[in-house]
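Peer 1: Sharing run_26.txt (compact mmCIF, C-alpha atoms and all ligand atoms) below.
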```txt
# COMPACT_ATOMS: atom_id res chain seq x y z
CA MET L 1 0.00 0.00 0.00
CA LYS L 2 1.29 3.47 -0.84
CA PHE L 3 0.30 6.75 0.83
CA ASN L 4 0.70 10.26 -0.53
CA PRO L 5 4.20 11.33 0.63
CA THR L 6 2.89 14.72 1.82
CA LEU L 7 1.19 12.82 4.68
CA SER L 8 4.58 12.00 6.22
CA ARG L 9 4.96 15.70 7.08
CA LEU L 10 1.60 15.85 8.83
CA LYS L 11 0.57 15.44 12.44
CA THR L 12 -2.98 14.67 13.52
CA TYR L 13 -4.72 17.72 14.97
CA GLU L 14 -5.16 17.49 18.71
CA ALA L 15 -8.62 18.79 19.58
CA GLY L 16 -9.62 19.98 23.02
CA LYS L 17 -10.30 17.00 25.30
CA PRO L 18 -13.96 15.94 25.35
CA ILE L 19 -15.87 15.57 28.62
CA GLU L 20 -16.42 11.85 27.90
CA LEU L 21 -12.66 11.24 28.01
CA VAL L 22 -12.26 12.83 31.44
CA VAL L 23 -15.16 10.74 32.75
CA ARG L 24 -13.46 7.58 31.46
CA GLU L 25 -9.87 8.38 32.44
CA PHE L 26 -10.31 10.03 35.81
CA GLY L 27 -13.63 8.60 36.95
CA ILE L 28 -14.99 12.09 37.58
CA GLU L 29 -18.74 12.48 37.23
CA GLU L 30 -19.90 14.35 34.17
CA LYS L 31 -21.67 16.99 36.27
CA ASP L 32 -18.37 17.84 38.01
CA ILE L 33 -16.45 18.46 34.81
CA ILE L 34 -15.89 21.97 33.56
CA LYS L 35 -14.88 22.10 29.92
CA LEU L 36 -13.07 25.32 29.12
CA ALA L 37 -10.78 24.07 26.38
CA SER L 38 -12.43 24.74 23.02
CA ASN L 39 -13.88 28.25 23.29
CA GLU L 40 -17.47 27.14 23.02
CA ASN L 41 -20.14 29.47 24.34
CA PRO L 42 -20.66 28.31 27.96
CA TYR L 43 -24.20 29.73 27.90
CA GLY L 44 -25.04 27.44 25.00
CA ALA L 45 -27.24 28.42 22.08
CA SER L 46 -30.42 30.50 22.08
CA PRO L 47 -33.59 28.63 23.15
CA LYS L 48 -34.86 29.48 19.64
CA VAL L 49 -32.14 27.24 18.22
CA ILE L 50 -33.16 24.30 20.38
CA GLU L 51 -36.78 24.83 19.41
CA GLY L 52 -35.92 25.02 15.71
CA VAL L 53 -33.88 21.83 15.84
CA HIS L 54 -36.74 20.01 17.62
CA GLU L 55 -39.31 21.24 15.15
CA ASN L 56 -37.23 20.08 12.21
CA ALA L 57 -36.04 16.76 13.62
CA HIS L 58 -38.42 14.86 11.33
CA LYS L 59 -36.40 16.04 8.31
CA VAL L 60 -33.38 13.88 9.11
CA SER L 61 -34.07 11.41 6.30
CA ILE L 62 -34.13 14.06 3.57
CA TYR L 63 -31.00 15.65 2.07
CA PRO L 64 -30.61 19.31 2.97
CA ASP L 65 -31.37 22.21 0.62
CA ASP L 66 -28.04 22.28 -1.16
CA SER L 67 -28.49 25.89 -2.26
CA MET L 68 -28.72 26.86 1.43
CA TYR L 69 -31.09 29.53 0.22
CA GLU L 70 -32.55 30.58 3.55
CA LEU L 71 -29.36 30.79 5.54
CA LYS L 72 -27.62 32.59 2.69
CA SER L 73 -30.48 35.10 2.60
CA ALA L 74 -30.22 35.67 6.33
CA LEU L 75 -26.44 36.13 6.24
CA SER L 76 -26.70 38.38 3.17
CA GLN L 77 -29.11 40.55 5.07
CA LYS L 78 -27.02 40.62 8.20
CA PHE L 79 -23.87 41.67 6.37
CA ASN L 80 -25.52 43.64 3.55
CA ILE L 81 -23.89 41.47 0.88
CA PHE L 82 -25.16 39.13 -1.88
CA PRO L 83 -25.60 35.33 -1.70
CA GLU L 84 -22.91 35.18 -4.43
CA ASN L 85 -20.45 36.48 -1.85
CA LEU L 86 -21.04 33.49 0.42
CA ILE L 87 -19.87 29.94 0.85
CA ILE L 88 -21.08 27.91 3.82
CA GLY L 89 -19.00 25.09 5.25
CA ALA L 90 -19.05 22.37 7.90
CA GLY L 91 -17.37 24.85 10.20
CA SER L 92 -15.25 27.69 8.85
CA ASP L 93 -12.59 24.98 8.99
CA GLN L 94 -14.03 23.48 5.86
CA VAL L 95 -13.83 26.84 4.09
CA LEU L 96 -10.18 27.07 5.16
CA GLU L 97 -9.61 23.68 3.59
CA PHE L 98 -11.29 24.77 0.33
CA CYS L 99 -9.02 27.83 0.25
CA ALA L 100 -5.88 25.75 0.67
CA ARG L 101 -6.94 23.29 -2.01
CA ALA L 102 -8.06 26.02 -4.40
CA VAL L 103 -4.81 27.96 -4.23
CA LEU L 104 -1.87 25.86 -3.11
CA GLY L 105 0.42 23.57 -5.04
CA GLU L 106 3.60 21.72 -4.16
CA GLY L 107 6.28 24.09 -2.89
CA ASP L 108 4.07 27.20 -2.56
CA ASN L 109 4.62 29.32 0.53
CA VAL L 110 1.98 30.14 3.14
CA LEU L 111 2.61 33.02 5.53
CA MET L 112 1.21 33.14 9.05
CA SER L 113 1.94 34.42 12.54
CA LYS L 114 4.42 32.60 14.78
CA ILE L 115 1.59 31.42 17.02
CA THR L 116 -1.84 31.07 15.48
CA PHE L 117 -4.67 28.63 14.67
CA ALA L 118 -3.09 25.21 14.13
CA MET L 119 -5.25 24.20 11.16
CA TYR L 120 -3.64 26.78 8.83
CA GLU L 121 -0.45 24.76 8.88
CA ILE L 122 -2.18 21.41 8.53
CA TYR L 123 -4.23 22.39 5.45
CA ALA L 124 -1.14 23.96 3.84
CA LEU L 125 1.00 20.88 4.47
CA GLN L 126 -1.74 18.68 3.01
CA GLN L 127 -1.17 20.51 -0.28
CA GLY L 128 2.59 20.14 -0.09
CA ALA L 129 3.11 23.82 0.68
CA ASN L 130 5.80 25.35 2.92
CA ILE L 131 5.10 27.36 6.05
CA VAL L 132 6.64 30.78 6.65
CA ARG L 133 6.08 32.24 10.10
CA SER L 134 6.66 35.68 11.56
CA SER L 135 8.88 35.90 14.65
CA CYS L 136 6.35 37.41 17.04
CA TYR L 137 3.10 35.95 18.39
CA ARG L 138 1.32 39.21 17.67
CA HIS L 139 0.66 39.94 14.00
CA ASP L 140 3.50 42.36 13.26
CA LEU L 141 2.31 43.41 9.82
CA ASP L 142 5.53 45.28 9.00
CA GLU L 143 7.34 41.98 9.40
CA PHE L 144 4.55 40.25 7.45
CA TYR L 145 5.19 42.70 4.60
CA ASP L 146 8.92 41.98 4.57
CA LEU L 147 8.24 38.23 4.56
CA TYR L 148 5.69 38.67 1.78
CA LYS L 149 8.31 40.46 -0.34
CA LYS L 150 10.89 37.81 0.40
CA TYR L 151 8.81 34.62 0.05
CA ASN L 152 5.99 35.58 -2.32
CA PRO L 153 3.40 33.46 -0.45
CA ALA L 154 0.30 32.16 -2.24
CA ILE L 155 -1.78 32.53 0.94
CA ILE L 156 -1.41 34.89 3.90
CA HIS L 157 -3.31 34.06 7.10
CA ILE L 158 -4.50 36.85 9.35
CA CYS L 159 -6.32 35.72 12.48
CA THR L 160 -8.00 38.58 14.33
CA PRO L 161 -8.67 38.13 17.15
CA ASN L 162 -5.91 35.55 17.15
CA ASN L 163 -6.34 32.07 18.59
CA PRO L 164 -4.72 30.93 20.94
CA THR L 165 -3.45 34.35 22.11
CA GLY L 166 -6.63 36.48 22.14
CA ASP L 167 -5.07 39.72 20.86
CA ALA L 168 -6.66 41.56 17.93
CA LEU L 169 -5.51 43.92 15.19
CA ASP L 170 -6.70 47.48 14.75
CA ARG L 171 -8.73 47.64 11.56
CA ASP L 172 -6.83 50.64 10.18
CA TYR L 173 -3.48 48.91 10.67
CA LEU L 174 -4.74 45.81 8.85
CA TYR L 175 -6.22 47.86 6.01
CA GLN L 176 -2.89 49.66 5.50
CA PHE L 177 -1.21 46.29 5.08
CA LEU L 178 -3.90 44.97 2.73
CA GLU L 179 -3.51 47.98 0.43
CA ASP L 180 0.05 46.98 -0.32
CA VAL L 181 -0.49 43.24 -0.83
CA THR L 182 -2.73 42.65 -3.80
CA ASP L 183 -1.78 39.28 -5.28
CA PRO L 184 -1.92 36.44 -2.72
CA LEU L 185 -5.17 35.15 -1.27
CA ILE L 186 -5.47 36.76 2.16
CA ILE L 187 -7.62 34.87 4.63
CA VAL L 188 -8.92 37.06 7.42
CA ASP L 189 -10.19 34.64 10.05
CA CYS L 190 -12.68 36.39 12.32
CA ALA L 191 -13.92 33.44 14.38
CA TYR L 192 -14.07 35.70 17.48
CA MET L 193 -15.00 38.98 15.79
CA GLU L 194 -18.32 39.28 17.65
CA TYR L 195 -16.34 39.54 20.90
CA ALA L 196 -13.73 41.98 19.59
CA ALA L 197 -16.34 44.27 18.03
CA TYR L 198 -18.15 44.41 21.38
CA LYS L 199 -15.02 45.26 23.35
CA ASP L 200 -13.42 47.76 20.99
CA PRO L 201 -14.93 49.21 17.79
CA LYS L 202 -11.42 49.89 16.47
CA LYS L 203 -10.94 46.12 16.13
CA SER L 204 -14.22 45.57 14.32
CA ILE L 205 -14.05 44.41 10.70
CA ASP L 206 -17.10 44.63 8.47
CA PRO L 207 -16.95 41.93 5.78
CA LYS L 208 -18.72 44.03 3.14
CA ASP L 209 -16.31 46.89 3.60
CA LEU L 210 -13.34 44.48 3.66
CA ILE L 211 -14.12 42.62 0.45
CA GLY L 212 -15.25 45.81 -1.27
CA LYS L 213 -11.86 47.39 -0.71
CA PHE L 214 -9.72 44.28 -1.14
CA PRO L 215 -10.79 41.80 -3.84
CA ASN L 216 -8.09 39.24 -2.92
CA VAL L 217 -9.40 38.83 0.64
CA ILE L 218 -11.80 36.27 2.11
CA TYR L 219 -13.46 36.89 5.49
CA LEU L 220 -14.21 33.81 7.61
CA GLY L 221 -16.88 33.64 10.28
CA THR L 222 -18.28 30.80 12.35
CA PHE L 223 -21.32 29.80 14.38
CA SER L 224 -19.16 27.67 16.69
CA LYS L 225 -18.09 30.36 19.13
CA ALA L 226 -20.33 33.33 20.05
CA TYR L 227 -23.41 31.74 18.43
CA GLY L 228 -23.03 28.59 20.53
CA LEU L 229 -23.21 26.01 17.73
CA GLY L 230 -19.89 24.18 18.07
CA GLY L 231 -21.65 20.82 17.85
CA MET L 232 -23.42 21.73 14.61
CA ARG L 233 -20.30 22.37 12.49
CA ILE L 234 -21.26 25.43 10.52
CA GLY L 235 -19.30 28.47 9.38
CA TYR L 236 -18.92 30.69 6.31
CA GLY L 237 -16.63 32.57 3.99
CA ILE L 238 -17.38 35.98 2.46
CA ALA L 239 -15.52 37.15 -0.64
CA GLN L 240 -15.90 38.45 -4.16
CA PRO L 241 -17.80 35.99 -6.41
CA ARG L 242 -14.57 35.37 -8.36
CA ILE L 243 -13.12 33.64 -5.27
CA ILE L 244 -16.37 31.99 -4.10
CA GLN L 245 -16.91 30.37 -7.52
CA GLU L 246 -13.52 28.66 -7.35
CA LEU L 247 -14.11 27.40 -3.80
CA TYR L 248 -17.47 26.00 -4.88
CA LYS L 249 -15.72 23.65 -7.29
CA LEU L 250 -14.21 21.88 -4.27
CA ARG L 251 -17.35 21.71 -2.13
CA PRO L 252 -18.87 18.26 -1.65
CA PRO L 253 -22.66 18.20 -2.16
CA PHE L 254 -24.75 18.61 0.99
CA ASN L 255 -21.70 19.62 3.03
CA VAL L 256 -23.85 21.17 5.78
CA THR L 257 -26.66 19.25 7.48
CA THR L 258 -30.32 20.26 7.52
CA LEU L 259 -30.34 20.73 11.28
CA SER L 260 -27.15 22.81 11.19
CA LEU L 261 -28.74 25.14 8.64
CA VAL L 262 -31.87 25.40 10.78
CA ALA L 263 -29.80 26.06 13.91
CA ALA L 264 -27.72 28.78 12.26
CA GLN L 265 -30.80 30.57 10.94
CA ALA L 266 -32.46 30.46 14.35
CA ALA L 267 -29.27 31.72 15.99
CA LEU L 268 -29.23 34.73 13.68
CA GLU L 269 -32.80 35.50 14.69
CA ASP L 270 -31.78 35.88 18.32
CA GLU L 271 -28.88 38.33 18.26
CA LYS L 272 -30.08 39.59 21.63
CA PHE L 273 -29.19 36.28 23.22
CA VAL L 274 -25.72 36.33 21.65
CA GLN L 275 -25.03 39.91 22.70
CA GLU L 276 -26.08 39.12 26.25
CA THR L 277 -23.67 36.17 26.42
CA ILE L 278 -20.89 38.42 25.08
CA ARG L 279 -21.62 40.97 27.78
CA LYS L 280 -21.43 38.28 30.45
CA ASN L 281 -18.23 36.96 28.87
CA PHE L 282 -16.39 40.23 29.46
CA GLU L 283 -17.89 40.62 32.92
CA GLN L 284 -16.42 37.21 33.81
CA MET L 285 -13.20 37.90 31.89
CA GLU L 286 -12.48 40.70 34.35
CA ARG L 287 -12.41 38.10 37.13
CA TYR L 288 -9.75 36.16 35.23
CA VAL L 289 -7.72 39.35 34.92
CA GLN L 290 -8.05 39.97 38.66
CA PHE L 291 -7.13 36.36 39.43
CA ALA L 292 -3.96 36.67 37.33
CA LEU L 293 -3.01 39.93 39.03
CA ARG L 294 -3.55 38.42 42.49
CA GLU L 295 -1.50 35.33 41.64
CA GLY L 296 1.21 37.31 39.86
CA LEU L 297 0.57 35.61 36.51
CA GLU L 298 1.15 37.25 33.16
CA PHE L 299 -1.76 37.26 30.73
CA ILE L 300 -2.56 38.59 27.26
CA ASP L 301 -5.28 41.24 26.99
CA SER L 302 -8.05 39.31 25.23
CA TYR L 303 -10.70 40.30 22.67
CA THR L 304 -12.31 36.84 22.68
CA ASN L 305 -14.08 34.36 24.96
CA PHE L 306 -10.82 32.97 26.31
CA ILE L 307 -7.76 34.22 28.14
CA THR L 308 -4.17 33.08 27.85
CA TYR L 309 -2.06 32.88 31.00
CA LEU L 310 1.71 32.85 30.54
CA PHE L 311 3.81 31.11 33.18
CA PRO L 312 7.34 31.82 34.36
CA SER L 313 9.79 29.06 33.42
CA HIS L 314 9.71 27.39 36.87
CA LEU L 315 5.98 26.66 36.46
CA SER L 316 5.19 24.17 33.70
CA SER L 317 1.96 24.86 31.82
CA ARG L 318 1.66 21.18 30.97
CA TYR L 319 1.82 20.23 34.64
CA ILE L 320 -0.72 22.90 35.56
CA ALA L 321 -3.11 21.81 32.80
CA GLU L 322 -2.80 18.18 33.89
CA SER L 323 -3.36 19.05 37.54
CA LEU L 324 -6.49 21.00 36.62
CA LEU L 325 -7.68 18.09 34.49
CA LYS L 326 -7.41 15.73 37.46
CA LYS L 327 -9.71 18.12 39.32
CA GLY L 328 -12.18 18.07 36.41
CA VAL L 329 -11.25 21.36 34.74
CA ILE L 330 -10.31 20.99 31.07
CA VAL L 331 -8.12 23.82 29.73
CA ARG L 332 -5.82 24.01 26.71
CA ASP L 333 -2.10 23.62 27.35
CA LEU L 334 -0.13 25.60 24.76
CA THR L 335 3.17 23.70 25.04
CA SER L 336 2.65 22.27 21.55
CA TYR L 337 2.49 25.86 20.24
CA GLY L 338 5.87 26.58 21.82
CA MET L 339 4.40 28.59 24.69
CA ASN L 340 4.61 27.88 28.41
CA ALA L 341 1.01 28.98 28.71
CA ILE L 342 -2.57 27.79 28.99
CA ARG L 343 -5.67 29.03 27.25
CA ILE L 344 -8.88 29.03 29.28
CA THR L 345 -12.32 29.62 27.85
CA ILE L 346 -14.23 32.08 30.03
CA GLY L 347 -16.98 30.03 31.68
CA THR L 348 -20.20 30.96 33.44
CA LYS L 349 -20.07 32.59 36.86
CA GLU L 350 -20.66 29.26 38.62
CA GLN L 351 -18.01 27.49 36.56
CA ASN L 352 -15.48 30.24 37.17
CA ASP L 353 -16.12 30.27 40.93
CA ARG L 354 -14.96 26.67 41.02
CA VAL L 355 -12.14 27.19 38.55
CA PHE L 356 -10.56 29.91 40.72
CA THR L 357 -10.72 27.71 43.82
CA LEU L 358 -9.22 24.69 42.06
CA PHE L 359 -6.66 26.77 40.18
CA LYS L 360 -5.47 28.31 43.43
CA GLU L 361 -5.11 24.84 44.94
CA VAL L 362 -2.97 23.79 41.99
CA LEU L 363 -0.76 26.90 42.16
CA ASP L 364 -0.34 26.74 45.94
CA GLY L 365 0.51 23.04 45.76
CA TYR L 366 3.03 23.68 42.99
CA LYS L 367 4.85 26.59 44.60
CA LYS L 368 5.52 24.60 47.79
C1 LIG L 401 -12.80 27.85 16.25
C2 LIG L 401 -12.01 28.48 15.16
C3 LIG L 401 -12.26 28.31 13.79
C4 LIG L 401 -13.25 27.41 13.18
O1 LIG L 401 -14.13 26.78 13.83
P1 LIG L 401 -15.27 25.94 13.11
O2 LIG L 401 -15.89 25.26 14.25
O3 LIG L 401 -14.60 25.03 12.14
O4 LIG L 401 -16.15 26.93 12.42
C5 LIG L 401 -11.51 28.97 12.87
N1 LIG L 401 -10.55 29.78 13.24
C6 LIG L 401 -10.26 29.99 14.52
C7 LIG L 401 -9.19 30.93 14.84
C8 LIG L 401 -10.97 29.35 15.53
O5 LIG L 401 -10.64 29.55 16.80
```
Show me this structure written as structure tokens.
Ligand SMILES: *Cc1c(COP(=O)(O)O)cnc(C)c1O
Peer 2:
Amino acid sequence: MKFNPTLSRLKTYEAGKPIELVVREFGIEEKDIIKLASNENPYGASPKVIEGVHENAHKVSIYPDDSMYELKSALSQKFNIFPENLIIGAGSDQVLEFCARAVLGEGDNVLMSKITFAMYEIYALQQGANIVRSSCYRHDLDEFYDLYKKYNPAIIHICTPNNPTGDALDRDYLYQFLEDVTDPLIIVDCAYMEYAAYKDPKKSIDPKDLIGKFPNVIYLGTFSKAYGLGGMRIGYGIAQPRIIQELYKLRPPFNVTTLSLVAAQAALEDEKFVQETIRKNFEQMERYVQFALREGLEFIDSYTNFITYLFPSHLSSRYIAESLLKKGVIVRDLTSYGMNAIRITIGTKEQNDRVFTLFKEVLDGYKK
């Protein structure tokens, strides 16, 4: 048997640990487990979503509407764009994959930040492309420009707010960069934009404005984070039709399920719910800031629904993440990203109350 040689350069993506695994491995009861590892919305989805999914459950035997007419209409209205500007995927991850396959060939370069969403690298390597990274975890766009001149990348990834660091770019700074880089495909991944736009209007990027000014850019959004639909696998790309048409050639038929389409539509009809969860997110985020200050931990100012704590070298993030896991708190260790840090999704008030108690136990035990 022979496998494609590009696979030898690939690692399997390590997703956040599921609750089921912690139940099995540590014998902790499901109700005592706090999952803050994958940046899901801890308040869940709007009750309208649950209702919509129930009402449409009888449709499971029928293929979905492959034109995705209704959801495309709703998104077009929300963003003041046309359905021709949209492609909907099984998560924005699938749109990322289409982009890589549409653009990249063997030996092409892909430019991204030193520390950013892990799937950019995986999709690029799948196409036999090479990775070029900046030297700083923040998007230093002056350095990006120098690297663009030097390596002529076919794709440039911009993640704002960035995962797993939580920092976000000022719109004007990004736009300045985009004006000077007109040939590669630039993917602006805005998985957490709803949070950033709430916290600071200077970080807010409007997809219509973005693709109107920069025809080589695609904006990515998702329902997995603020909209609370991580389990439904649905996200979207917004770009000029010239780009969307090419991505469509790679899309498998019926790539998004009927119930996912229903859920996304219902979620869009209850923006009030989403905004309220975002408000609570930042209210609770402040407690994580205060906890870090009290414990003398460094953290990155976050424009998302997670916060990244950076540890001094004598405290191992892997050890801390494992100790929390044994107490039933699932967080994301960032050792594999080359950081001695953990990323914690901001939970509900009740979850966070317990997290601070358990976290303090871990830190106090460690320092002794
Ligand atoms: C979560 C996430 C995505 C995609 O999530 P999907 O569930 O595939 O829509 C994309 N980019 C970043 C930076 C993310 O954090």
Peer 1: Find the residues around L:Val110 up to 7 Å (only C-alpha atoms counted), leave out those fewer than 5 positions away in its own chain, and share them as a PyMOL selection string.
Peer 2: chain L and resi 124+129-132+153-156
Peer 1: Check every protein, DNA and RNA residue against ligand LIG 401 (chain L), keep those with an atom at most 8 Å away (counting only C-alpha atoms and all ligand atoms), and present them as a PyMOL selection string.
Peer 2: chain L and resi 38-39+89-94+116-117+119+159-164+189-192+220-225+230+233-236
Peer 1: Neighbouring residues of L:Lys59 were defined as those with any atom within 12 Å, considering only C-alpha atoms; residues of the same chain fewer than 6 positions away were excluded. Please report them as a list in words.
Peer 2: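 So the residues in contact are Gly52, Val53, Asp65, Thr257, Thr258, Leu259, Ser260, Leu261 and Val262 of chain L.
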Peer 1: Rounded to one decimal place, report the atom CA of L:Tyr303-atom CA of L:Asp200 distance in Å.
Peer 2: 8.1 Å
Peer 1: Could you give me, as a list in words, the residues within 10 Å of stretch 23-34 of chain L, counting all atoms listed in the file and dropping anything in the same chain fewer than 3 positions from it?
Peer 2: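 Listed by chain and then number, they are Pro18, Ile19, Glu20, Ala37, Pro42, Leu324, Leu325, Lys326, Lys327, Gly328, Val329, Ile330, Val331, Gly347, Thr348, Gln351, Asn352, Arg354 and Val355 of chain L.
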Peer 1: Using all atoms listed in the file, find all polymer residues with an atom at most 10 Å away from the point (-2.8, 45.1, -4.0); report them as a PDB file with C-alpha atoms, keeping the file's coordinate frame.
Peer 2:
```
ATOM      1  CA  PHE L 177      -1.210  46.290   5.080  1.00  0.00           C
ATOM      2  CA  LEU L 178      -3.900  44.970   2.730  1.00  0.00           C
ATOM      3  CA  GLU L 179      -3.510  47.980   0.430  1.00  0.00           C
ATOM      4  CA  ASP L 180       0.050  46.980  -0.320  1.00  0.00           C
ATOM      5  CA  VAL L 181      -0.490  43.240  -0.830  1.00  0.00           C
ATOM      6  CA  THR L 182      -2.730  42.650  -3.800  1.00  0.00           C
ATOM      7  CA  ASP L 183      -1.780  39.280  -5.280  1.00  0.00           C
ATOM      8  CA  PRO L 184      -1.920  36.440  -2.720  1.00  0.00           C
ATOM      9  CA  LYS L 213     -11.860  47.390  -0.710  1.00  0.00           C
ATOM     10  CA  PHE L 214      -9.720  44.280  -1.140  1.00  0.00           C
ATOM     11  CA  PRO L 215     -10.790  41.800  -3.840  1.00  0.00           C
ATOM     12  CA  ASN L 216      -8.090  39.240  -2.920  1.00  0.00           C
TER      13      ASN L 216
END
```
Peer 1: Between L:Phe273, L:Tyr366, L:Phe254, L:Phe79, which has the minimum distance to L:Leu315 (counting only C-alpha atoms)?
Peer 2: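 The answer is L:Tyr366, which sits nearest to L:Leu315.
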Peer 1: Fewer than 6 positions away in the same chain doesn't count, so skip those; otherwise give me all residues within 12 Å of L:Phe291, counting all atoms listed in the file, as a count of residues only.
Peer 2: 15
Peer 1: Using only C-alpha atoms, can you tell me which of L:Leu10, L:Leu334, L:Ala168, L:Ala321 comes closest to L:Glu121?
Peer 2: L:Leu10
Peer 1: Restricting the calculation to only C-alpha atoms, which member of L:Pro5, L:Ile244, L:Tyr43, L:Lys48 is positioned closest to L:Glu350?
Peer 2: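 Closest to L:Glu350, using only C-alpha atoms: L:Tyr43.
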Peer 1: Given the choices L:Asp364, L:Ile187, L:Val22, L:Lys2, which gets closest to L:Val103 if the distance is worked out from only C-alpha atoms?
Peer 2: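 The closest residue to L:Val103 is L:Ile187.
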Peer 1: For L:Gln127, which residue out of L:Ala264, L:Leu7, L:Ile158, L:Val289 is the nearest one, using all atoms listed in the file?
Peer 2: L:Leu7
Peer 1: Taking only C-alpha atoms, show stretch 131-163 of chain L of the given structure as an mmCIF file, in the first residue's frame.
Peer 2:
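Wrote selection21.cif, looks like this:
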```cif
data_model
loop_
_atom_site.group_PDB
_atom_site.id
_atom_site.type_symbol
_atom_site.label_atom_id
_atom_site.label_comp_id
_atom_site.auth_asym_id
_atom_site.auth_seq_id
_atom_site.Cartn_x
_atom_site.Cartn_y
_atom_site.Cartn_z
ATOM 1 C CA ILE L 131 5.102 27.357 6.051
ATOM 2 C CA VAL L 132 6.642 30.778 6.652
ATOM 3 C CA ARG L 133 6.077 32.241 10.104
ATOM 4 C CA SER L 134 6.663 35.679 11.555
ATOM 5 C CA SER L 135 8.883 35.895 14.651
ATOM 6 C CA CYS L 136 6.345 37.411 17.036
ATOM 7 C CA TYR L 137 3.101 35.953 18.388
ATOM 8 C CA ARG L 138 1.322 39.211 17.673
ATOM 9 C CA HIS L 139 0.660 39.943 14.002
ATOM 10 C CA ASP L 140 3.501 42.364 13.258
ATOM 11 C CA LEU L 141 2.310 43.414 9.816
ATOM 12 C CA ASP L 142 5.533 45.279 8.998
ATOM 13 C CA GLU L 143 7.336 41.984 9.398
ATOM 14 C CA PHE L 144 4.546 40.247 7.446
ATOM 15 C CA TYR L 145 5.190 42.704 4.603
ATOM 16 C CA ASP L 146 8.923 41.977 4.566
ATOM 17 C CA LEU L 147 8.237 38.233 4.555
ATOM 18 C CA TYR L 148 5.692 38.673 1.777
ATOM 19 C CA LYS L 149 8.313 40.462 -0.345
ATOM 20 C CA LYS L 150 10.887 37.808 0.404
ATOM 21 C CA TYR L 151 8.806 34.616 0.048
ATOM 22 C CA ASN L 152 5.988 35.581 -2.317
ATOM 23 C CA PRO L 153 3.399 33.464 -0.446
ATOM 24 C CA ALA L 154 0.304 32.163 -2.239
ATOM 25 C CA ILE L 155 -1.781 32.529 0.939
ATOM 26 C CA ILE L 156 -1.413 34.891 3.897
ATOM 27 C CA HIS L 157 -3.308 34.058 7.096
ATOM 28 C CA ILE L 158 -4.499 36.849 9.354
ATOM 29 C CA CYS L 159 -6.325 35.717 12.479
ATOM 30 C CA THR L 160 -7.996 38.577 14.327
ATOM 31 C CA PRO L 161 -8.668 38.128 17.152
ATOM 32 C CA ASN L 162 -5.907 35.546 17.150
ATOM 33 C CA ASN L 163 -6.343 32.066 18.588
#
```
